[in-house]
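Structure file my_file06.cif (mmCIF, C-alpha atoms and all ligand atoms) follows.
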data_final
loop_
_atom_site.label_atom_id
_atom_site.label_comp_id
_atom_site.auth_asym_id
_atom_site.auth_seq_id
_atom_site.Cartn_x
_atom_site.Cartn_y
_atom_site.Cartn_z
CA MET A 112 -26.49 -16.13 0.32
CA PRO A 113 -26.12 -13.80 -2.70
CA SER A 114 -22.51 -12.91 -3.41
CA ASP A 115 -21.25 -9.36 -2.86
CA THR A 116 -21.42 -6.84 -5.65
CA LEU A 117 -19.04 -4.01 -6.38
CA ASP A 118 -21.77 -1.61 -5.24
CA LYS A 119 -21.19 -2.72 -1.66
CA PHE A 120 -17.60 -1.45 -1.89
CA ARG A 121 -18.69 1.72 -3.68
CA ARG A 122 -20.73 2.53 -0.56
CA LEU A 123 -17.79 1.73 1.72
CA TYR A 124 -15.51 4.25 0.04
CA SER A 125 -18.08 6.95 -0.40
CA GLU A 126 -18.93 7.12 3.32
CA LEU A 127 -15.54 7.53 5.00
CA PRO A 128 -14.79 8.62 8.55
CA LEU A 129 -12.77 11.84 8.69
CA ILE A 130 -9.77 12.50 10.92
CA ASP A 131 -10.59 12.98 14.62
CA LYS A 132 -9.76 16.64 15.07
CA SER A 133 -9.87 16.56 18.84
CA SER A 134 -7.21 13.81 19.13
CA ALA A 135 -5.07 15.47 16.46
CA GLY A 136 -5.49 18.79 18.28
CA ALA A 137 -4.42 17.23 21.60
CA ALA A 138 -1.29 15.87 19.90
CA ALA A 139 -0.50 19.25 18.33
CA ALA A 140 -0.94 20.94 21.71
CA ARG A 141 1.42 18.47 23.40
CA ASP A 142 3.97 18.78 20.61
CA ALA A 143 4.04 22.54 21.18
CA VAL A 144 5.30 22.18 24.80
CA LEU A 145 7.92 19.43 24.33
CA THR A 146 11.57 20.24 25.03
CA LYS A 147 12.73 21.13 21.51
CA PRO A 148 12.59 24.16 19.27
CA ALA A 149 9.21 24.28 17.51
CA GLY A 150 9.31 22.17 14.34
CA ALA A 151 12.77 20.74 15.11
CA LEU A 152 11.57 17.14 14.78
CA GLY A 153 10.30 17.94 11.28
CA ARG A 154 8.02 15.32 9.79
CA LEU A 155 8.14 13.26 12.99
CA GLU A 156 5.95 15.92 14.57
CA ASP A 157 3.40 15.75 11.73
CA LEU A 158 3.41 11.97 11.94
CA ALA A 159 2.62 11.94 15.67
CA VAL A 160 -0.30 14.32 15.11
CA TRP A 161 -1.47 12.32 12.09
CA MET A 162 -1.29 9.02 14.03
CA SER A 163 -3.30 10.46 16.88
CA GLY A 164 -5.95 11.83 14.54
CA TRP A 165 -6.44 8.59 12.63
CA GLN A 166 -6.19 6.30 15.66
CA ARG A 167 -8.79 8.66 17.15
CA LYS A 168 -6.97 8.79 20.50
CA HIS A 169 -4.27 10.70 22.30
CA PRO A 170 -1.59 9.69 23.05
CA PRO A 171 -1.03 7.63 19.89
CA THR A 172 0.15 4.03 20.34
CA TYR A 173 2.52 1.61 18.68
CA THR A 174 1.50 -1.60 20.42
CA SER A 175 0.10 -3.93 17.75
CA PRO A 176 1.44 -3.07 14.29
CA GLN A 177 0.34 -5.62 11.68
CA VAL A 178 1.97 -6.61 8.39
CA VAL A 179 -0.14 -8.61 5.94
CA VAL A 180 1.20 -9.88 2.62
CA PHE A 181 -1.44 -10.71 0.00
CA ALA A 182 -0.46 -13.13 -2.75
CA GLY A 183 -2.07 -13.57 -6.17
CA ASN A 184 -1.25 -15.09 -9.54
CA HIS A 185 -1.69 -13.35 -12.86
CA GLY A 186 -2.83 -14.66 -16.23
CA VAL A 187 -0.93 -11.90 -17.99
CA CYS A 188 2.29 -13.77 -17.10
CA ASP A 189 1.50 -15.85 -20.20
CA GLN A 190 2.67 -12.82 -22.21
CA GLY A 191 6.23 -13.14 -20.82
CA ILE A 192 6.24 -9.91 -18.80
CA SER A 193 8.30 -10.98 -15.77
CA ALA A 194 11.88 -12.13 -15.32
CA PHE A 195 10.58 -14.94 -13.07
CA PRO A 196 8.07 -17.78 -13.54
CA ARG A 197 4.63 -17.69 -11.96
CA ASP A 198 5.45 -20.64 -9.65
CA VAL A 199 7.65 -18.29 -7.63
CA THR A 200 4.54 -16.73 -6.08
CA MET A 201 3.58 -19.98 -4.34
CA GLN A 202 7.22 -20.79 -3.50
CA MET A 203 7.59 -17.39 -1.83
CA VAL A 204 4.39 -17.99 0.17
CA SER A 205 6.15 -21.04 1.67
CA ASN A 206 9.22 -18.92 2.27
CA PHE A 207 7.08 -16.30 4.10
CA ARG A 208 5.56 -19.07 6.23
CA ASN A 209 9.03 -20.35 7.09
CA GLY A 210 10.24 -16.88 8.04
CA GLY A 211 12.82 -16.72 5.24
CA ALA A 212 11.81 -13.61 3.29
CA ALA A 213 13.02 -10.04 3.73
CA ILE A 214 9.62 -8.97 5.05
CA ASN A 215 9.75 -11.58 7.84
CA GLN A 216 12.96 -10.04 9.14
CA LEU A 217 11.77 -6.45 8.78
CA ALA A 218 8.40 -7.10 10.46
CA ASP A 219 10.29 -8.81 13.32
CA ALA A 220 12.77 -5.97 13.61
CA TYR A 221 9.97 -3.49 14.32
CA GLY A 222 7.84 -5.79 16.50
CA ALA A 223 5.02 -6.19 13.98
CA SER A 224 2.83 -9.26 13.62
CA PHE A 225 3.15 -10.95 10.23
CA SER A 226 0.75 -13.01 8.15
CA VAL A 227 0.47 -14.04 4.53
CA LEU A 228 -2.84 -14.52 2.73
CA PRO A 229 -2.66 -16.48 -0.52
CA LEU A 230 -5.64 -15.78 -2.79
CA ALA A 231 -6.59 -18.72 -5.04
CA LEU A 232 -3.02 -19.10 -6.30
CA GLU A 233 -3.87 -22.27 -8.20
CA THR A 234 -6.35 -20.25 -10.32
CA PRO A 235 -4.54 -17.30 -11.88
CA THR A 236 -6.66 -14.37 -13.03
CA LEU A 237 -7.37 -14.26 -16.75
CA ASP A 238 -4.83 -12.60 -19.03
CA PHE A 239 -6.12 -9.00 -19.27
CA THR A 240 -5.13 -8.80 -22.95
CA LYS A 241 -7.75 -11.50 -23.61
CA GLY A 242 -10.64 -10.47 -21.35
CA PRO A 243 -11.46 -9.11 -17.87
CA ALA A 244 -8.89 -10.35 -15.33
CA MET A 245 -11.63 -11.21 -12.84
CA SER A 246 -15.38 -11.67 -12.74
CA GLU A 247 -17.26 -9.25 -10.51
CA GLU A 248 -17.67 -12.04 -7.96
CA GLU A 249 -13.97 -12.92 -7.94
CA CYS A 250 -13.06 -9.27 -7.50
CA CYS A 251 -15.53 -8.86 -4.61
CA THR A 252 -14.32 -12.05 -2.92
CA ALA A 253 -10.76 -10.68 -2.97
CA LEU A 254 -11.83 -7.22 -1.76
CA GLN A 255 -13.71 -8.89 1.09
CA ALA A 256 -10.74 -11.14 1.98
CA GLY A 257 -8.63 -8.00 2.34
CA TRP A 258 -11.32 -6.29 4.38
CA ASN A 259 -11.47 -9.33 6.72
CA SER A 260 -7.69 -9.55 7.17
CA LEU A 261 -7.41 -6.62 9.56
CA SER A 262 -7.07 -7.62 13.24
CA GLN A 263 -9.43 -5.68 15.50
CA ASP A 264 -6.66 -4.44 17.80
CA THR A 265 -4.25 -3.29 15.06
CA ASP A 266 -2.99 0.26 15.60
CA LEU A 267 -0.89 0.52 12.43
CA LEU A 268 -1.18 -1.50 9.21
CA VAL A 269 1.38 -2.39 6.55
CA VAL A 270 0.00 -4.09 3.45
CA GLY A 271 2.38 -5.95 1.18
CA GLU A 272 2.10 -8.17 -1.86
CA MET A 273 3.61 -11.12 -3.66
CA GLY A 274 2.51 -11.92 -7.21
CA ILE A 275 4.78 -12.58 -10.16
CA GLY A 276 3.69 -10.23 -12.95
CA ASN A 277 2.09 -7.66 -10.67
CA THR A 278 4.27 -4.71 -11.69
CA THR A 279 2.64 -5.11 -15.14
CA VAL A 280 -0.77 -5.10 -13.50
CA ALA A 281 0.16 -2.07 -11.38
CA ALA A 282 1.38 -0.20 -14.47
CA ALA A 283 -1.81 -1.01 -16.39
CA ILE A 284 -3.96 0.21 -13.48
CA SER A 285 -1.90 3.39 -13.13
CA ALA A 286 -2.22 4.19 -16.84
CA ALA A 287 -5.95 3.45 -16.75
CA LEU A 288 -6.52 5.77 -13.78
CA PHE A 289 -4.11 8.60 -14.50
CA GLY A 290 -3.51 8.45 -18.26
CA GLY A 291 -0.44 7.79 -20.36
CA THR A 292 0.62 4.65 -22.19
CA GLY A 293 2.39 1.46 -21.19
CA ALA A 294 5.74 3.12 -21.90
CA ASP A 295 5.04 5.81 -19.27
CA TRP A 296 4.45 3.30 -16.50
CA ALA A 297 6.34 0.06 -17.34
CA GLY A 298 9.64 -0.68 -15.60
CA PRO A 299 11.94 -3.66 -15.11
CA GLY A 300 10.08 -5.13 -12.08
CA THR A 301 12.07 -8.17 -10.98
CA GLY A 302 14.72 -7.45 -13.65
CA LEU A 303 13.54 -7.29 -17.27
CA THR A 304 15.98 -6.15 -19.95
CA MET A 305 15.20 -2.93 -21.85
CA GLU A 306 13.71 -5.03 -24.59
CA GLY A 307 11.59 -6.86 -22.01
CA VAL A 308 10.31 -3.52 -20.69
CA ARG A 309 9.31 -2.48 -24.24
CA LYS A 310 7.38 -5.72 -24.64
CA LYS A 311 5.74 -5.19 -21.25
CA ALA A 312 4.60 -1.72 -22.41
CA THR A 313 2.91 -3.16 -25.50
CA VAL A 314 1.14 -5.77 -23.37
CA ILE A 315 -0.16 -2.98 -21.10
CA ASP A 316 -1.30 -0.98 -24.15
CA ALA A 317 -3.17 -4.03 -25.44
CA GLY A 318 -5.02 -4.31 -22.12
CA LEU A 319 -5.84 -0.61 -22.08
CA SER A 320 -7.23 -0.77 -25.57
CA LEU A 321 -9.28 -3.94 -24.97
CA HIS A 322 -10.90 -2.43 -21.85
CA ALA A 323 -11.15 1.15 -23.13
CA GLU A 324 -14.87 1.52 -22.29
CA ILE A 325 -14.51 0.88 -18.56
CA LEU A 326 -11.37 2.92 -17.78
CA ASP A 327 -13.31 5.78 -16.17
CA ASP A 328 -14.67 3.55 -13.38
CA PRO A 329 -11.97 2.72 -10.80
CA LEU A 330 -13.63 -0.45 -9.48
CA LEU A 331 -14.14 -1.78 -13.00
CA VAL A 332 -10.46 -0.98 -13.68
CA LEU A 333 -9.64 -3.14 -10.66
CA GLN A 334 -11.85 -5.97 -11.93
CA HIS A 335 -10.67 -5.86 -15.55
CA LEU A 336 -6.95 -5.12 -15.17
CA GLY A 337 -6.20 -5.96 -11.54
CA GLY A 338 -5.49 -9.08 -9.57
CA ARG A 339 -6.74 -10.69 -6.42
CA GLU A 340 -3.90 -9.41 -4.22
CA ILE A 341 -4.44 -5.88 -5.58
CA ALA A 342 -8.17 -6.06 -4.75
CA ALA A 343 -7.42 -7.50 -1.30
CA MET A 344 -5.02 -4.64 -0.55
CA ALA A 345 -7.68 -2.09 -1.55
CA GLY A 346 -10.12 -3.90 0.77
CA ALA A 347 -7.61 -3.88 3.65
CA ILE A 348 -6.79 -0.18 3.23
CA LEU A 349 -10.52 0.60 3.24
CA ALA A 350 -11.14 -1.58 6.32
CA ALA A 351 -8.33 0.22 8.14
CA ARG A 352 -10.03 3.56 7.45
CA HIS A 353 -13.22 2.27 9.03
CA ASN A 354 -11.30 0.77 11.98
CA LYS A 355 -9.19 3.64 13.34
CA THR A 356 -6.03 2.23 11.78
CA PRO A 357 -3.48 4.35 9.91
CA VAL A 358 -1.73 2.61 7.01
CA ILE A 359 1.81 2.70 5.63
CA LEU A 360 1.86 2.20 1.87
CA ASP A 361 4.72 0.27 0.26
CA GLY A 362 5.94 0.56 -3.33
CA PHE A 363 4.55 0.70 -6.84
CA VAL A 364 2.25 -2.31 -6.57
CA VAL A 365 0.66 -1.32 -3.25
CA GLY A 366 0.45 2.23 -4.59
CA ALA A 367 -1.60 1.01 -7.57
CA ALA A 368 -4.04 -0.76 -5.24
CA ALA A 369 -4.35 2.40 -3.15
CA ALA A 370 -4.81 4.45 -6.34
CA ILE A 371 -8.10 2.68 -7.06
CA LEU A 372 -9.48 4.15 -3.83
CA LYS A 373 -7.90 7.56 -4.40
CA LYS A 374 -9.46 7.86 -7.84
CA ALA A 375 -12.83 6.75 -6.45
CA ASN A 376 -12.69 9.24 -3.57
CA PRO A 377 -9.92 11.87 -3.41
CA ALA A 378 -9.95 11.74 0.44
CA ALA A 379 -9.73 7.93 0.62
CA LEU A 380 -6.00 7.81 1.38
CA ASP A 381 -5.86 10.54 4.02
CA HIS A 382 -5.19 7.82 6.64
CA CYS A 383 -2.21 6.52 4.61
CA VAL A 384 1.43 7.58 4.49
CA ALA A 385 3.89 6.54 1.76
CA GLY A 386 6.57 4.45 3.49
CA HIS A 387 9.10 4.74 0.69
CA MET A 388 9.69 5.50 -2.95
CA SER A 389 10.46 2.36 -4.90
CA ALA A 390 13.16 2.24 -7.57
CA GLU A 391 10.51 0.93 -9.96
CA PRO A 392 10.32 4.01 -12.21
CA GLY A 393 6.52 4.37 -12.29
CA HIS A 394 6.36 4.83 -8.53
CA GLU A 395 7.62 8.42 -8.50
CA LEU A 396 4.90 9.45 -10.95
CA LEU A 397 2.28 7.45 -9.07
CA LEU A 398 3.21 9.12 -5.76
CA ARG A 399 2.63 12.50 -7.41
CA HIS A 400 -0.88 11.41 -8.39
CA LEU A 401 -1.47 10.06 -4.90
CA GLU A 402 -0.15 13.39 -3.48
CA LYS A 403 2.17 11.53 -1.09
CA GLU A 404 5.73 12.42 -0.09
CA PRO A 405 7.63 9.20 0.69
CA LEU A 406 9.34 8.78 4.07
CA LEU A 407 12.33 6.83 2.69
CA THR A 408 14.17 6.60 -0.61
CA LEU A 409 16.55 3.65 -0.39
CA ARG A 410 16.56 2.30 -3.97
CA MET A 411 14.48 -0.65 -2.76
CA ARG A 412 12.39 -2.47 -5.39
CA LEU A 413 11.26 -5.63 -3.68
CA GLY A 414 7.61 -5.27 -2.75
CA GLU A 415 6.35 -7.65 0.01
CA GLY A 416 5.64 -4.53 2.11
CA SER A 417 9.37 -4.21 2.79
CA GLY A 418 9.73 -0.44 2.30
CA ALA A 419 6.62 0.21 4.38
CA ALA A 420 7.88 -2.11 7.12
CA LEU A 421 11.11 -0.13 7.35
CA ALA A 422 9.03 3.00 7.76
CA LEU A 423 7.42 1.36 10.83
CA GLY A 424 10.65 2.34 12.58
CA ILE A 425 10.06 6.00 11.74
CA LEU A 426 6.50 5.91 13.08
CA LYS A 427 7.71 4.09 16.19
CA GLY A 428 10.32 6.79 16.72
CA ALA A 429 7.82 9.60 16.16
CA ILE A 430 5.43 8.14 18.74
CA ALA A 431 8.19 7.40 21.28
CA ALA A 432 9.42 10.99 21.10
CA HIS A 433 5.92 12.44 21.26
CA ASN A 434 4.76 10.30 24.18
CA GLY A 435 7.94 10.14 26.21
CA MET A 436 9.59 13.55 25.99
CA ALA A 437 9.38 16.02 28.85
CA SER A 438 7.66 19.38 28.52
CA PHE A 439 9.57 22.62 29.09
CA ALA A 440 7.66 23.06 32.37
CA ASP A 441 8.32 19.52 33.67
CA ALA A 442 12.00 19.56 32.76
CA GLY A 443 12.64 23.11 33.96
CA VAL A 444 13.98 24.12 30.55
CA SER A 445 13.58 27.76 29.55
CA GLY A 446 11.33 28.48 26.59
CA GLU A 447 12.09 30.55 23.51
CA THR A 448 12.94 34.21 24.12
CA SER A 449 10.84 36.50 21.95
CA SER A 450 13.09 38.29 19.49
C1 LIG A 501 12.22 -14.25 -5.33
C2 LIG A 501 11.27 -13.08 -5.41
C3 LIG A 501 10.79 -12.50 -4.24
C4 LIG A 501 9.93 -11.40 -4.32
N1 LIG A 501 9.34 -10.68 -3.36
C5 LIG A 501 8.63 -9.74 -3.93
N2 LIG A 501 8.74 -9.80 -5.25
C6 LIG A 501 8.13 -8.83 -6.14
O1 LIG A 501 8.28 -9.14 -7.51
C7 LIG A 501 7.07 -9.40 -8.18
C8 LIG A 501 6.74 -8.35 -9.18
O2 LIG A 501 7.69 -8.24 -10.20
P1 LIG A 501 7.36 -8.68 -11.69
O3 LIG A 501 6.16 -7.87 -12.11
O4 LIG A 501 8.60 -8.35 -12.47
O5 LIG A 501 7.08 -10.16 -11.68
C9 LIG A 501 6.03 -9.43 -7.10
O6 LIG A 501 5.82 -10.75 -6.69
C10 LIG A 501 6.63 -8.58 -6.03
O7 LIG A 501 6.09 -8.71 -4.78
C11 LIG A 501 9.55 -10.84 -5.53
C12 LIG A 501 10.02 -11.41 -6.73
C13 LIG A 501 10.88 -12.54 -6.67
C14 LIG A 501 11.39 -13.15 -7.94
O1 LIG A 502 7.72 -1.18 -5.91
C1 LIG A 502 7.21 -2.31 -5.90
O2 LIG A 502 6.11 -2.51 -5.34
C2 LIG A 502 7.87 -3.46 -6.61
C3 LIG A 502 8.97 -3.27 -7.41
C4 LIG A 502 9.55 -4.36 -8.05
C5 LIG A 502 9.03 -5.61 -7.85
N1 LIG A 502 7.97 -5.78 -7.08
C6 LIG A 502 7.39 -4.73 -6.45
#
For this file, write the structure as structure tokens.
Ligand SMILES: Cc1cc2ncn([C@H]3O[C@H](COP(=O)(O)O)[C@@H](O)[C@H]3O)c2cc1C
Ligand SMILES: O=C(O)c1cccnc1
Amino acid sequence: MPSDTLDKFRRLYSELPLIDKSSAGAAAARDAVLTKPAGALGRLEDLAVWMSGWQRKHPPTYTSPQVVVFAGNHGVCDQGISAFPRDVTMQMVSNFRNGGAAINQLADAYGASFSVLPLALETPTLDFTKGPAMSEEECCTALQAGWNSLSQDTDLLVVGEMGIGNTTVAAAISAALFGGTGADWAGPGTGLTMEGVRKKATVIDAGLSLHAEILDDPLLVLQHLGGREIAAMAGAILAARHNKTPVILDGFVVGAAAAILKKANPAALDHCVAGHMSAEPGHELLLRHLEKEPLLTLRMRLGEGSGAALALGILKGAIAAHNGMASFADAGVSGETSS
């Protein structure tokens, strides 16, 4: 069988389902009669309507939320751009499988299923300062693995990542897509010193300059500067769009994966909400380019999907209120007097 080409994924993001206006409209109509002053639940109201529209049903459900962590290893670690060694990626995959990571606890706390998908960890991508990080085939295999990871019955998806060095990769992708230099997008990640961050910025600049000719094509940016877990997250976010599944985005690294799709099609992230704003400095800027207002700002800078998993609680609350509250008529509560 011939292997996939990037053109297959170009088609998948150019033909996207739009929000289901009739389900969203039914949610808006119900919201208008619930026992509260109009707008008093703030963003929770928007979230209930948004969930209904993208799940394409009313009432919206929170019955099978899914958290998937994608793990990849990065050749650019050879440049000394992380405070931790590459082996930690694999070690953390074992920790995820044993239930010992932060994301295990957070997924559990909000009743979400959890799985981890390691992507060829024994074969790191190439160092992007030396050549393309991935071949077209490797990139497509990772995109497809992400696409395949979505369970059919999922009604809300959190994608997370584990990959030592991937804040460098995320910064390089962000600069490639939205402009600026390494210094505009590099941050401490797992804990670099200021000098380490300066070095990281020069490594990013070297990658941008080596791959200068392809920077206007988002999928080639993914292939040349990205990593397998980044590609897999883009594939999963795209699959969710085609499968009636809203998505909660996590921090800077997940944001960079999502940004590939956003740059390729400005409407590609309409089914996504930003779960939180990471303390990794580039994330605030990235969220502006993604046109997303984060739900939480808790100084978290972990990755793994942890900020997005916390935001599951907000979505759960929004749906519980929307589905379970009484209407003014049912509860015998007087409506607003016209003034
Ligand atoms: C023990 C440990 C657990 C983690 N969980 C997520 N990350 C996060 O840190 C890494 C990115 O940071 P950098 O680009 O600086 O390497 C990613 O693996 C990310 O998921 C972790 C990092 C460590 C060390
Ligand atoms: O915001 C993130 O995604 C992030 C920040 C630091 C380390 N790893 C991930």
Inset, instruction - Can you tell me which residues come within 10 Å of ligand LIG 501 (chain A) when counting all atoms listed in the file, ideally as a count of residues only? - result: 58
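Using only C-alpha atoms, the contacts of segment 261-268 of chain A at a cut-off of 8 Å, with sequence neighbours closer than 3 positions omitted, comprise Gln166, Thr172, Tyr173, Thr174, Ser175, Pro176, Gln177, Val178, Val179, Gly257, Trp258, Ala347, Ala350, Ala351, Asn354, Lys355, Thr356, Pro357, Val358 and Ile359 of chain A.
Using only C-alpha atoms, the smallest distance between any of A:Ala159, A:Ile371, A:Leu336, A:Ile348 and Ala139 of chain A comes from A:Ala159.
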Legend entry - Polymer residues at most 9 Å from segment 435-446 of chain A, only C-alpha atoms, same-chain spacing of 2 or more positions, as an NGL selection string: :A and (141-148 or 430-433 or 448)
Go ahead and write the selection's residues with C-alpha atoms as a short mmCIF file (atom, residue, chain, number, x, y, z; two decimals), keeping the file's coordinate frame.
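Final output, saved to again32.cif:
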data_model
loop_
_atom_site.label_atom_id
_atom_site.label_comp_id
_atom_site.auth_asym_id
_atom_site.auth_seq_id
_atom_site.Cartn_x
_atom_site.Cartn_y
_atom_site.Cartn_z
CA ARG A 141 1.42 18.47 23.40
CA ASP A 142 3.97 18.78 20.61
CA ALA A 143 4.04 22.54 21.18
CA VAL A 144 5.30 22.18 24.80
CA LEU A 145 7.92 19.43 24.33
CA THR A 146 11.57 20.24 25.03
CA LYS A 147 12.73 21.13 21.51
CA PRO A 148 12.59 24.16 19.27
CA ILE A 430 5.43 8.14 18.74
CA ALA A 431 8.19 7.40 21.28
CA ALA A 432 9.42 10.99 21.10
CA HIS A 433 5.92 12.44 21.26
CA THR A 448 12.94 34.21 24.12
#
Legend entry - Given all atoms listed in the file as the counted atoms, nearest of A:Ala385, A:Leu230, A:Leu155, A:Leu397 to Ala138 of chain A: A:Leu155
Which residues, written as a PDB file with C-alpha atoms, keeping the file's coordinate frame, have at least one atom at most 12 Å from Ala294 of chain A, with all atoms listed in the file counted and residues fewer than 3 positions away on the same chain left out?
ATOM      1  CA  THR A 279       2.640  -5.110 -15.140  1.00  0.00           C
ATOM      2  CA  ALA A 282       1.380  -0.200 -14.470  1.00  0.00           C
ATOM      3  CA  ALA A 283      -1.810  -1.010 -16.390  1.00  0.00           C
ATOM      4  CA  SER A 285      -1.900   3.390 -13.130  1.00  0.00           C
ATOM      5  CA  ALA A 286      -2.220   4.190 -16.840  1.00  0.00           C
ATOM      6  CA  GLY A 290      -3.510   8.450 -18.260  1.00  0.00           C
ATOM      7  CA  GLY A 291      -0.440   7.790 -20.360  1.00  0.00           C
ATOM      8  CA  ALA A 297       6.340   0.060 -17.340  1.00  0.00           C
ATOM      9  CA  GLY A 298       9.640  -0.680 -15.600  1.00  0.00           C
ATOM     10  CA  PRO A 299      11.940  -3.660 -15.110  1.00  0.00           C
ATOM     11  CA  MET A 305      15.200  -2.930 -21.850  1.00  0.00           C
ATOM     12  CA  GLU A 306      13.710  -5.030 -24.590  1.00  0.00           C
ATOM     13  CA  GLY A 307      11.590  -6.860 -22.010  1.00  0.00           C
ATOM     14  CA  VAL A 308      10.310  -3.520 -20.690  1.00  0.00           C
ATOM     15  CA  ARG A 309       9.310  -2.480 -24.240  1.00  0.00           C
ATOM     16  CA  LYS A 310       7.380  -5.720 -24.640  1.00  0.00           C
ATOM     17  CA  LYS A 311       5.740  -5.190 -21.250  1.00  0.00           C
ATOM     18  CA  ALA A 312       4.600  -1.720 -22.410  1.00  0.00           C
ATOM     19  CA  THR A 313       2.910  -3.160 -25.500  1.00  0.00           C
ATOM     20  CA  VAL A 314       1.140  -5.770 -23.370  1.00  0.00           C
ATOM     21  CA  ILE A 315      -0.160  -2.980 -21.100  1.00  0.00           C
ATOM     22  CA  ASP A 316      -1.300  -0.980 -24.150  1.00  0.00           C
ATOM     23  CA  ALA A 317      -3.170  -4.030 -25.440  1.00  0.00           C
ATOM     24  CA  PRO A 392      10.320   4.010 -12.210  1.00  0.00           C
ATOM     25  CA  GLY A 393       6.520   4.370 -12.290  1.00  0.00           C
TER      26      GLY A 393
END
Legend entry - Nearby residues, (-6.0, -1.2, -4.0) file frame, 6 Å, only C-alpha atoms, as a VMD selection string: chain A and resid 341 to 342 344 to 345 368 to 369 371
Legend entry - d(atom CA of Val270 of chain A, atom CA of Ala375 of chain A) in Å: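 Computed distance, atom CA of Val270 of chain A to atom CA of Ala375 of chain A, equals 19.5 Å.
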